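Below: one structure, written as structure tokens.
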Amino acid sequence: MSKYLAFDNETALDYIKSLGLFFSEDAQLSCYEFGDGNLNLVFRVIDQANNSIILKQALPYARCVGESWPLTLDRARIEAHVLQRHGAVCPDHTAKVLHHDSELAATVLEDLGDMAILRNELIAGRNFDNLGYDVANYLAITSFYHSDFYLDPQNKKALAQTFTNPELCAITEDLFFDDPYRECERNNFPAALTEQVLQLRQNAALLCVVARLKAKFLSSPQTLLHGDVHTGSIFISSEKTKLIDPEFGFFGPIGFDLGSFIGNLLLNYCAQNGRVKEAPKRRDLHSYLLNTISTCLQQFEQQWHTLAQQHGRDLALKAPGYIELFLQEVLQDAMGYCGTELVRRTIGLAHVADIAEIEDQSQRLLVQKQSLQLGEQLILNAKSCRTTDDFYQLIISFVH
């Protein structure tokens, strides 16, 4: 029988004390829950000298729905092991795992409390020059070292089995590729958006591309993904950037994480139209976000290409010109997945605070219309792009 029991402040503190790994025996410890996510409990344990750690525990259901939506606790193992594997190749941008207990679905992590959650910072209009570069390096490094270019086939196939994550992948499959494009009780959008939503659902060309993107998500174990790269899963400061929460991790298409990240920057871009009244300030924020996207695309491609040339082990995959073709397809996938992120965050179950918390209802509706149209156009036009500049120009053409 499993010893699983959901923690509260008291039992979380007792658990950390029982481990005896992180604080001195005479430390005066306190503990409080501060997480606001849908799937987990998150506690901070701190001593009298302000040394602290984070204890994260998976819940057996989705908070936003309730116990009627049960979830596997094995996702805590997957999350911890993704962080460990990503951290082994990219420690600068990966939250550090200090301890993991699969039976309790509990993971102890370094405390990143000196940093801020990126989503909150972008909503507030704060800029970070390192963001695009850092995220691009994280995505390039972690995806390359878990790809066929680097791993031998037997090892990679064994890892793909270890990181099989069917229940959380099913959530992604439903929310990204199914729910928004048909009637579904989980969808959530204002009545004033209905006509635009119906047009989207009747667009046969769009539905065909979404089907292709889903098919690739289902059947292309290219690398060990984070699986949920949104701006709420990134901690940021002026000096560093760290990724957290890869419980949706599995072996899937490389472009998915990159597209999800860019999609969240574009959601914030659209949101600023309804948040910032002063045109000069809004232009500065828009310029920052677009420059960050450009940097991310270019650095991702350059870093991946360099790694594949210098450290690629599969001789067939080093055939002249193949790395370039491979990356072109990755970037095309990324732009398509970027579009699906915009669509699902606008009319699906899980919205983003960037848009949802715009107080003026009329302004919020205009932002929703823009983000939905942008997502649709990126999905439809991603395959027409060949270079990072093409992708950037595609975005520019639909945001201005």
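Note on naming: chains are A, B, ... as they come in the structure tokens, residues start from 1 per chain, ligands start from 1 in the order shown.
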
Check which residues of region 227-336 of chain A sit at most 9 Å from region 172-194 of chain A using only C-alpha atoms, and return one row each with the closest pair of atoms and their distance in Å to one decimal, ordered by chain and rising number, as a tab-separated table.
residue	atom	partner	partner_atom	distance
A:Gly227	CA	A:Thr172	CA	8.7
A:Asp228	CA	A:Thr172	CA	9.0
A:Phe248	CA	A:Thr172	CA	8.3

Once you have the residues from the selection above, write them out as a compact mmCIF listing (two decimals), in the first residue's frame, restricted to C-alpha atoms.
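File result_18.txt, as written:
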# COMPACT_ATOMS: atom_id res chain seq x y z
CA GLY A 227 6.59 19.82 -22.02
CA ASP A 228 5.16 23.00 -20.46
CA PHE A 248 4.58 17.24 -18.63

Name all residues at most 10 Å from Pro70 (chain A) (count only C-alpha atoms; drop same-chain ones fewer than 6 positions away) and give them as an mmCIF file with N, CA and C atoms, in the first residue's frame.
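Heads up, here's the output in selection_9.cif:
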data_model
loop_
_atom_site.group_PDB
_atom_site.id
_atom_site.type_symbol
_atom_site.label_atom_id
_atom_site.label_comp_id
_atom_site.auth_asym_id
_atom_site.auth_seq_id
_atom_site.Cartn_x
_atom_site.Cartn_y
_atom_site.Cartn_z
ATOM 1 N N LEU A 59 -0.421 16.448 -6.429
ATOM 2 C CA LEU A 59 -1.757 16.052 -5.979
ATOM 3 C C LEU A 59 -2.335 15.016 -6.943
ATOM 4 N N PRO A 60 -3.207 14.138 -6.450
ATOM 5 C CA PRO A 60 -3.771 13.090 -7.324
ATOM 6 C C PRO A 60 -4.933 13.560 -8.179
ATOM 7 N N TYR A 61 -5.104 14.875 -8.317
ATOM 8 C CA TYR A 61 -6.174 15.426 -9.146
ATOM 9 C C TYR A 61 -5.808 16.852 -9.533
ATOM 10 N N ALA A 62 -6.541 17.396 -10.512
ATOM 11 C CA ALA A 62 -6.321 18.773 -10.948
ATOM 12 C C ALA A 62 -7.152 19.708 -10.085
ATOM 13 N N ARG A 63 -6.493 20.647 -9.417
ATOM 14 C CA ARG A 63 -7.199 21.570 -8.528
ATOM 15 C C ARG A 63 -8.270 22.381 -9.244
ATOM 16 N N GLU A 167 -0.732 10.091 -19.258
ATOM 17 C CA GLU A 167 -1.841 10.854 -18.694
ATOM 18 C C GLU A 167 -1.665 12.356 -18.897
#

* Expected answer as a PyMOL selection string: strand (DSSP E) residues in region 209-270 of chain A -> chain A and resi 223-224+234-236+241-243+251-252

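Distances to Val330 (chain A) were evaluated for A:Thr11, A:Asn268, A:Ser68, A:Ser143 using only C-alpha atoms, and the minimum falls at A:Ser143.
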
* Asked: Residues at most 6 Å from region 98-104 of chain A, counting only C-alpha atoms, excluding those fewer than 5 positions away in the same chain, as a VMD selection string?
  -> chain A and resid 4 77 109

Would you output that residue set with C-alpha atoms, as a compact mmCIF listing (two decimals), in the first residue's frame?
# COMPACT_ATOMS: atom_id res chain seq x y z
CA TYR A 4 1.09 8.74 0.05
CA ARG A 77 8.99 11.15 -10.70
CA LEU A 109 14.27 21.77 -4.80

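Closest approach to Gln303 (chain A) among A:Ala170, A:Leu317, A:Leu265, A:Leu139 is made by A:Leu139 (distances from only C-alpha atoms).
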
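Nearest residue to Thr231 (chain A), choosing from A:Cys338, A:Ile244, A:Leu200, A:Ile254 and counting only C-alpha atoms: A:Ile244.
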
* What's the 8 Å shell around region 275-287 of chain A, counting only C-alpha atoms, without same-chain residues fewer than 5 positions away, as a list in words? -> Gly125, Asn127, Tyr269 and Ile358 of chain A

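The interatomic distance for the pair CA of Asn203 (chain A) and CA of Ser260 (chain A) works out to 22.5 Å.
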
* Expressed in Å to a single decimal, how great is the separation between CA of Lys3 (chain A) and CA of Gln28 (chain A)? -> 27.1 Å

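Our summary of the geometry notes that CA of Ile16 (chain A) is positioned 13.1 Å from CA of Val42 (chain A).
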
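Counting only C-alpha atoms, the residue from A:Tyr145, A:Phe43, A:Glu121, A:Gly336 that sits nearest to Ala88 (chain A) is A:Tyr145.
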
* What lies within 7 Å of Ser220 (chain A) using only C-alpha atoms, ignoring chain neighbours under 2 positions off, as a ChimeraX atom specification? -> /A:216-218,222,252-253

* Can you check which residues of region 37-202 of chain A DSSP gives as alpha helix (DSSP H) on the backbone and send them as a PyMOL selection string? => chain A and resi 75-89+118-123+131-144+153-162+166-172+194-201

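Using only C-alpha atoms, the shortest contact distance between Asn381 (chain A) and any of A:Gly20, A:Gly339, A:Gly249, A:Gly132 is found at A:Gly339.
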
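Using only C-alpha atoms, the protein and nucleic acid residues lying no more than 6 Å from Ala334 (chain A), apart from those fewer than 2 places from it along its own chain, are A:Gly255, A:Phe256, A:Leu258, A:Gly259, A:Leu331, A:Gln332, A:Gly336, A:Tyr337, A:Cys338.
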
* Between A:Lys214, A:Lys242, A:His311, A:His351, which has the minimum distance to Met115 (chain A) (counting only C-alpha atoms)? -> A:Lys242

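The environment of Gly312 (chain A) within 8 Å, counting only C-alpha atoms and disregarding residues fewer than 5 places along the same chain, consists of Phe149, Tyr150, Leu307, Leu317 and Lys318 of chain A.
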
Next, dump the selected residues to file, keeping only N, CA and C atoms, as a PDB file, in the first residue's frame.
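Generated output (part09.pdb):
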ATOM      1  N   PHE A 149      20.838  12.751 -32.603  1.00  0.00           N
ATOM      2  CA  PHE A 149      22.142  13.270 -33.031  1.00  0.00           C
ATOM      3  C   PHE A 149      23.235  12.922 -32.022  1.00  0.00           C
ATOM      4  N   TYR A 150      22.859  12.781 -30.747  1.00  0.00           N
ATOM      5  CA  TYR A 150      23.853  12.568 -29.696  1.00  0.00           C
ATOM      6  C   TYR A 150      23.750  11.192 -29.041  1.00  0.00           C
ATOM      7  N   LEU A 307      26.216  22.590 -31.850  1.00  0.00           N
ATOM      8  CA  LEU A 307      26.277  21.344 -31.083  1.00  0.00           C
ATOM      9  C   LEU A 307      26.242  20.134 -32.013  1.00  0.00           C
ATOM     10  N   LEU A 317      23.412  11.260 -39.799  1.00  0.00           N
ATOM     11  CA  LEU A 317      22.768  12.548 -39.529  1.00  0.00           C
ATOM     12  C   LEU A 317      23.720  13.729 -39.729  1.00  0.00           C
ATOM     13  N   LYS A 318      25.006  13.435 -39.959  1.00  0.00           N
ATOM     14  CA  LYS A 318      25.971  14.500 -40.232  1.00  0.00           C
ATOM     15  C   LYS A 318      26.176  14.698 -41.735  1.00  0.00           C
TER      16      LYS A 318
END
